Amino acid sequence: MQVTRVEYHTATGWAHALPAELDSPRTLVLAFGAWSLRDKDAPFAELRRAFPHSVLAGCSTAGEIAGAHVHDASVSVAITAFERTALRAAHTASAGIADSAGAGQRLAEALRADEHGQKLAAVFILSHGVNVNGTELVHGLAAHLPHSVH
């Protein structure tokens, strides 16, 4: 496994070149960005171009942590290239708080559908923090996944 991180700042751009050589279906790219960048696609488009085969995920923040520093108006990116771990991504819309368990169920169904016979071992969830009941989301997910999934 190889892990690296990269930062993007609105005033200066990327602190280092994006390590596109890590792109693969076994690479997870997590991007945590300032809410103020929601309408600025440039850094996210650059991530998509550099990692077209990787699983990209992320969310907005109220301050981005990079190493020992907290920034505003930036994107903090963690890139993990796994040697043998297969990755899958799933997403669903939620119709609001009352649909939280249903959203979890839909995610579980999407994650269980594996055409390659690979067993699901763990799930990492990013969710809206206001319009979703996180407890119900997890209950809906857990109720429809094997007990061996973490």
# chains A, B, ... in the order shown; residues from 1 in each chain; ligands from 1

$ residues_around --residues "range 62-77 of chain A" --least-positions-apart "4" --cutoff "8 Å" --atoms "only C-alpha atoms" --output "PyMOL selection string"
chain A and resi 5-10+29-37+43

$ select_by_dssp --residues "range 3-139 of chain A" --states "helix (DSSP H, G or I)" --output "PyMOL selection string"
chain A and resi 20-22+35-37+42-50+97-112+134-139

$ select_by_dssp --residues "chain A" --states "strand (DSSP E or B)" --output "count of residues only"
39

$ closest_residue --among "A:Ala89, A:Thr4, A:Pro25, A:Gly134" --to "Ala57 in chain A" --atoms "only C-alpha atoms"
A:Ala89

$ residues_around --residues "His147 in chain A" --least-positions-apart "5" --cutoff "12 Å" --atoms "only C-alpha atoms" --output "ChimeraX atom specification"
/A:119-122,141-142

$ write_last_selection --atoms "C-alpha atoms" --output "PDB file, in the first residue's frame"
ATOM      1  CA  LYS A 119     -16.584 -10.445  -0.896  1.00  0.00           C
ATOM      2  CA  LEU A 120     -17.285  -7.073   0.649  1.00  0.00           C
ATOM      3  CA  ALA A 121     -15.133  -6.549   3.764  1.00  0.00           C
ATOM      4  CA  ALA A 122     -15.729  -2.945   4.831  1.00  0.00           C
ATOM      5  CA  LEU A 141     -26.998  -0.313   5.542  1.00  0.00           C
ATOM      6  CA  ALA A 142     -26.105  -2.835   8.252  1.00  0.00           C
TER       7      ALA A 142
END

$ residues_around --residues "Gly96 in chain A" --least-positions-apart "3" --cutoff "8 Å" --atoms "only C-alpha atoms" --output "PDB file with N, CA, C and O atoms, in the first residue's frame"
ATOM      1  N   ASP A  99     -35.940   9.294   4.710  1.00  0.00           N
ATOM      2  CA  ASP A  99     -35.436   8.303   3.748  1.00  0.00           C
ATOM      3  C   ASP A  99     -34.052   7.776   4.129  1.00  0.00           C
ATOM      4  O   ASP A  99     -33.429   7.056   3.371  1.00  0.00           O
ATOM      5  N   SER A 100     -33.556   8.098   5.301  1.00  0.00           N
ATOM      6  CA  SER A 100     -32.190   7.731   5.683  1.00  0.00           C
ATOM      7  C   SER A 100     -31.969   6.219   5.695  1.00  0.00           C
ATOM      8  O   SER A 100     -30.998   5.727   5.122  1.00  0.00           O
ATOM      9  N   ASN A 131     -29.318  16.772   6.190  1.00  0.00           N
ATOM     10  CA  ASN A 131     -30.544  16.186   5.653  1.00  0.00           C
ATOM     11  C   ASN A 131     -30.611  14.668   5.761  1.00  0.00           C
ATOM     12  O   ASN A 131     -31.485  14.052   5.163  1.00  0.00           O
ATOM     13  N   VAL A 132     -29.700  14.063   6.508  1.00  0.00           N
ATOM     14  CA  VAL A 132     -29.673  12.616   6.664  1.00  0.00           C
ATOM     15  C   VAL A 132     -29.495  12.295   8.142  1.00  0.00           C
ATOM     16  O   VAL A 132     -28.679  12.909   8.824  1.00  0.00           O
TER      17      VAL A 132
END

$ residues_around --residues "Ala103 in chain A" --least-positions-apart "5" --cutoff "7 Å" --atoms "only C-alpha atoms" --output "ChimeraX atom specification"
/A:92,94,137

$ atom_distance --atom1 "CA of Glu136 in chain A" --atom2 "CA of Ala110 in chain A"
17.5 Å

$ residues_around --residues "Ala20 in chain A" --least-positions-apart "4" --cutoff "9 Å" --atoms "only C-alpha atoms" --output "ChimeraX atom specification"
/A:47,49-51

$ closest_residue --among "A:Val149, A:Ala108, A:Val138, A:Gly58" --to "Phe44 in chain A" --atoms "only C-alpha atoms"
A:Gly58

$ residues_around --residues "Asp23 in chain A" --least-positions-apart "3" --cutoff "9 Å" --atoms "only C-alpha atoms" --output "list in words"
Pro19, Ala20, Arg26, Thr27, Leu28, Ala50, Phe51, Pro52, His53, Ser54 and Ala81 of chain A

$ closest_residue --among "A:Ala101, A:Cys59, A:Val3, A:Ala42" --to "Leu126 in chain A" --atoms "only C-alpha atoms"
A:Cys59
